[in-house]
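K.L.:
Below you'll find the structure I mean.
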Amino acid sequence: MKMKKKGKFKFRETELLSILGLLVLHLGLLWYFKYHNQHLSLEEFRLSYPGNIVNLIIVLTIAIELVILRFIKGTAYITVYKRGIIFGFISIFLLLVARALSLDYFDFPRAYWIGQPVKKVAVACMYLGGLGIQIFSISYLWFKLFKVENRFFIRGFSQSILIFVLILSIVALYDVREPRSGRTKEKYEVGVVLGAAVWSKNRPSPILVTRVNKAIELYQNKSIANIQLTGSNAPGEISEADAAFNYIKDFDIPLNNVWIEKQTTSTTEQIRFIKNSLALDHELPSICVITDTYHMNRVDQIAKFYNLDISIIGASIHLSPEKKIAYHFRESFGLLIFWLFGL
């Protein structure tokens, strides 16, 4: 009997170590994909970055719960360990699917959903699926530790939603703080206008107009020497940069001081463009980014991820209370997705 118990004990330990190994593998892959998706090497990895801290906390929470369950509850919960291995494989599988979708092997329609390219939405859904499995694991193990047996799957699902809402609420509170402007100077070599939507008949949206007007104001005040317009196009529209360029033609600004970039499709790509094409290639001494005040915190965090020290200048736009809430929620959700997955 003693030999049999000893064998069972080893089997339980092996399963526990397997789950912990899957957690470490998931975390390592996530961090690698996060930086590789943004064309950054792991040499630029910083554990102090908020998203990396959250990734680590989630994994450590699951690991601690598993270890406590093992040493407090003994080997009675073999089913928990088996399910833990299944959850681990599913979360890694979703992570690998997200990575595959982010590559150029799949031909996605060039369409937008909730203001984002369909490809990015599909990738984000896979990443969120893996995160959902991990958050559910936290709730599931919590109930097992306190011997909650009735409907723990339903309760775990409900608690997982509450945990995600809590995380999003914390991000929203962070996002409402006073935007960071970064380093400030009297003059900049270039002001980069982040792209925004183009409306029907190739008209720049009010948000894009507000950003361009701010750039014009800075140029006329001699605060910036050049204006860099950014942004590609959605189906049936001219590019955001072209729409902004057509708008700026009506002002007394030399067009050779207005530069156009028409390939980027998101804020992250535009910050990457600044790092790879402006900050390095042109070796400009100073760059400022022009965007909306509600957008500044997310731009700041993306720039920090790229280790860019840039100024961020906000352009105020009048919004109704309903739109302010909607924009704030969108920015908070977008910041959370970038923190966690680098998207």
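Ligands are numbered from 1 in the order shown, chains are lettered A, B, ... in the order of the structure tokens, and residues start at 1 in each chain.
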Taking only range 71-265 of chain A into account, list the residues labelled alpha helix (DSSP H) by DSSP (computed from the backbone), as an MDAnalysis selection string.
P.N.:
chainID A and resid 71:73 78:102 118:145 152:175 206:220 240:248
K.L.:
DSSP on the backbone: what in range 74-314 of chain A comes out strand (DSSP E or B), as number ranges by chain?
P.N.:
A: 112-113, 116-117, 188, 190-193, 198-199, 203-204, 224, 227-229, 258-260, 287-292, 311-314
K.L.:
So which one's closest to Lys119 in chain A, A:Leu103, A:Ala326, A:Ile78, A:Ile253? Using only C-alpha atoms, please.
P.N.:
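Distance minimum relative to Lys119 in chain A lands on A:Leu103.
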K.L.:
Using only C-alpha atoms, which residues sit within 7 Å of range 203-213 of chain A once same-chain residues fewer than 2 positions away are excluded, as a ChimeraX atom specification?
P.N.:
/A:193,195-201,215-217,243-244,290-292,315,317
K.L.:
So that I have them on file, write out the residues from the current selection with C-alpha atoms, as an mmCIF file, in the first residue's frame.
P.N.:
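Result written to part_17.cif:
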```
data_model
loop_
_atom_site.group_PDB
_atom_site.id
_atom_site.type_symbol
_atom_site.label_atom_id
_atom_site.label_comp_id
_atom_site.auth_asym_id
_atom_site.auth_seq_id
_atom_site.Cartn_x
_atom_site.Cartn_y
_atom_site.Cartn_z
ATOM 1 C CA VAL A 193 -0.291 64.053 -36.973
ATOM 2 C CA GLY A 195 -4.376 59.511 -38.695
ATOM 3 C CA ALA A 196 -8.119 59.417 -38.064
ATOM 4 C CA ALA A 197 -11.222 58.446 -40.009
ATOM 5 C CA VAL A 198 -12.125 59.778 -43.442
ATOM 6 C CA TRP A 199 -15.807 60.346 -44.060
ATOM 7 C CA SER A 200 -17.858 60.050 -47.233
ATOM 8 C CA LYS A 201 -16.749 62.041 -50.281
ATOM 9 C CA ALA A 215 -0.521 71.019 -36.435
ATOM 10 C CA ILE A 216 -1.245 74.125 -38.539
ATOM 11 C CA GLU A 217 -1.371 76.247 -35.382
ATOM 12 C CA ALA A 243 -7.415 63.656 -46.845
ATOM 13 C CA ALA A 244 -5.397 65.657 -44.323
ATOM 14 C CA ILE A 290 -0.247 65.502 -32.317
ATOM 15 C CA THR A 291 -3.439 63.716 -31.333
ATOM 16 C CA ASP A 292 -6.591 64.258 -29.282
ATOM 17 C CA ALA A 315 -5.834 68.840 -29.641
ATOM 18 C CA ILE A 317 -12.313 68.508 -29.601
#
```
K.L.:
Which is closest to Ile248 in chain A among A:Lys214, A:Gly51, A:Phe153, A:Lys323, if we use only C-alpha atoms?
P.N.:
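Smallest separation from Ile248 in chain A among the options: A:Lys214.
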K.L.:
Pick the closest to Glu43 in chain A from A:Ala100, A:Ile19, A:Tyr306, A:Ser232: which is it, counting only C-alpha atoms?
P.N.:
A:Tyr306
K.L.:
Show me, as number ranges by chain, the residues that have an atom within 10 Å of Ser266 in chain A when counting only C-alpha atoms, minus same-chain residues fewer than 3 positions from it.
P.N.:
A: 115-117, 120, 194-196, 230-232, 263, 269-272, 343
K.L.:
Name all residues at most 10 Å from Leu30 in chain A (count only C-alpha atoms; drop same-chain ones fewer than 2 positions away) and give them as a list in words.
P.N.:
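Listed by chain and then number, they are Val24, Leu25, His26, Leu27, Gly28, Tyr32, Phe33, Lys34, Tyr35, His36, Asn52, Asn55, Ile92, Leu95, Leu96, Arg99, Tyr127, Leu340, Phe341 and Gly342 of chain A.
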K.L.:
Can you write just those residues out, N, CA and C atoms, as a short mmCIF file (atom, residue, chain, number, x, y, z; two decimals), in the first residue's frame?
P.N.:
```
data_model
loop_
_atom_site.label_atom_id
_atom_site.label_comp_id
_atom_site.auth_asym_id
_atom_site.auth_seq_id
_atom_site.Cartn_x
_atom_site.Cartn_y
_atom_site.Cartn_z
N VAL A 24 4.47 28.73 -17.52
CA VAL A 24 5.72 29.40 -17.89
C VAL A 24 5.85 29.49 -19.40
N LEU A 25 5.50 28.41 -20.10
CA LEU A 25 5.57 28.40 -21.56
C LEU A 25 4.62 29.44 -22.15
N HIS A 26 3.40 29.51 -21.62
CA HIS A 26 2.42 30.49 -22.11
C HIS A 26 2.95 31.91 -21.91
N LEU A 27 3.51 32.18 -20.73
CA LEU A 27 4.02 33.52 -20.44
C LEU A 27 5.18 33.88 -21.37
N GLY A 28 6.10 32.92 -21.57
CA GLY A 28 7.23 33.18 -22.45
C GLY A 28 6.81 33.43 -23.89
N TYR A 32 7.15 36.91 -26.02
CA TYR A 32 7.88 36.88 -27.30
C TYR A 32 7.00 37.42 -28.43
N PHE A 33 5.75 36.93 -28.51
CA PHE A 33 4.84 37.37 -29.57
C PHE A 33 4.53 38.86 -29.44
N LYS A 34 4.37 39.32 -28.20
CA LYS A 34 4.04 40.73 -27.97
C LYS A 34 5.09 41.64 -28.58
N TYR A 35 6.35 41.31 -28.37
CA TYR A 35 7.43 42.15 -28.89
C TYR A 35 7.69 41.88 -30.36
N HIS A 36 7.58 40.64 -30.76
CA HIS A 36 7.82 40.32 -32.17
C HIS A 36 6.73 40.92 -33.06
N ASN A 52 3.38 43.90 -18.96
CA ASN A 52 4.20 42.75 -18.59
C ASN A 52 3.98 42.37 -17.13
N ASN A 55 0.64 40.50 -17.00
CA ASN A 55 0.83 39.14 -17.50
C ASN A 55 1.44 38.25 -16.43
N ILE A 92 -2.60 27.91 -24.62
CA ILE A 92 -1.43 27.97 -25.52
C ILE A 92 -1.87 27.81 -26.97
N LEU A 95 -3.19 31.02 -28.15
CA LEU A 95 -2.06 31.93 -28.32
C LEU A 95 -1.37 31.69 -29.66
N LEU A 96 -1.19 30.41 -30.01
CA LEU A 96 -0.54 30.07 -31.27
C LEU A 96 -1.43 30.43 -32.47
N ARG A 99 -1.10 34.08 -32.99
CA ARG A 99 0.18 34.37 -33.66
C ARG A 99 0.10 34.05 -35.15
N TYR A 127 -6.37 36.15 -28.54
CA TYR A 127 -5.63 36.50 -27.33
C TYR A 127 -6.56 36.60 -26.13
N LEU A 340 -1.65 44.18 -22.56
CA LEU A 340 -1.61 42.72 -22.38
C LEU A 340 -0.97 41.99 -23.55
N PHE A 341 -1.28 42.44 -24.79
CA PHE A 341 -0.91 41.66 -25.96
C PHE A 341 -0.04 42.40 -26.97
N GLY A 342 0.16 43.71 -26.77
CA GLY A 342 0.96 44.45 -27.74
C GLY A 342 0.27 44.64 -29.06
#
```
K.L.:
Taking into account only C-alpha atoms, which residue in the set A:Phe245, A:Tyr174, A:Phe87, A:Phe273 is nearest to Asn297 in chain A?
P.N.:
A:Tyr174
K.L.:
Do a neighbour search on Ile287 in chain A at 8 Å with only C-alpha atoms, toss out local chain neighbours closer than 2 positions, and write the hits as a list of chain:residue names.
P.N.:
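Here the qualifying residues turn out to be A:Tyr188, A:Glu189, A:Val190, A:Gly191, A:Val192, A:Ala279, A:Leu284, A:Pro285, A:Val289, A:Ile310, A:Ser311.
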K.L.:
Enter the distance from CA of Leu173 in chain A to CA of Ser332 in chain A, in Å, rounded to one decimal.
P.N.:
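Separation of CA of Leu173 in chain A and CA of Ser332 in chain A: 8.6 Å.
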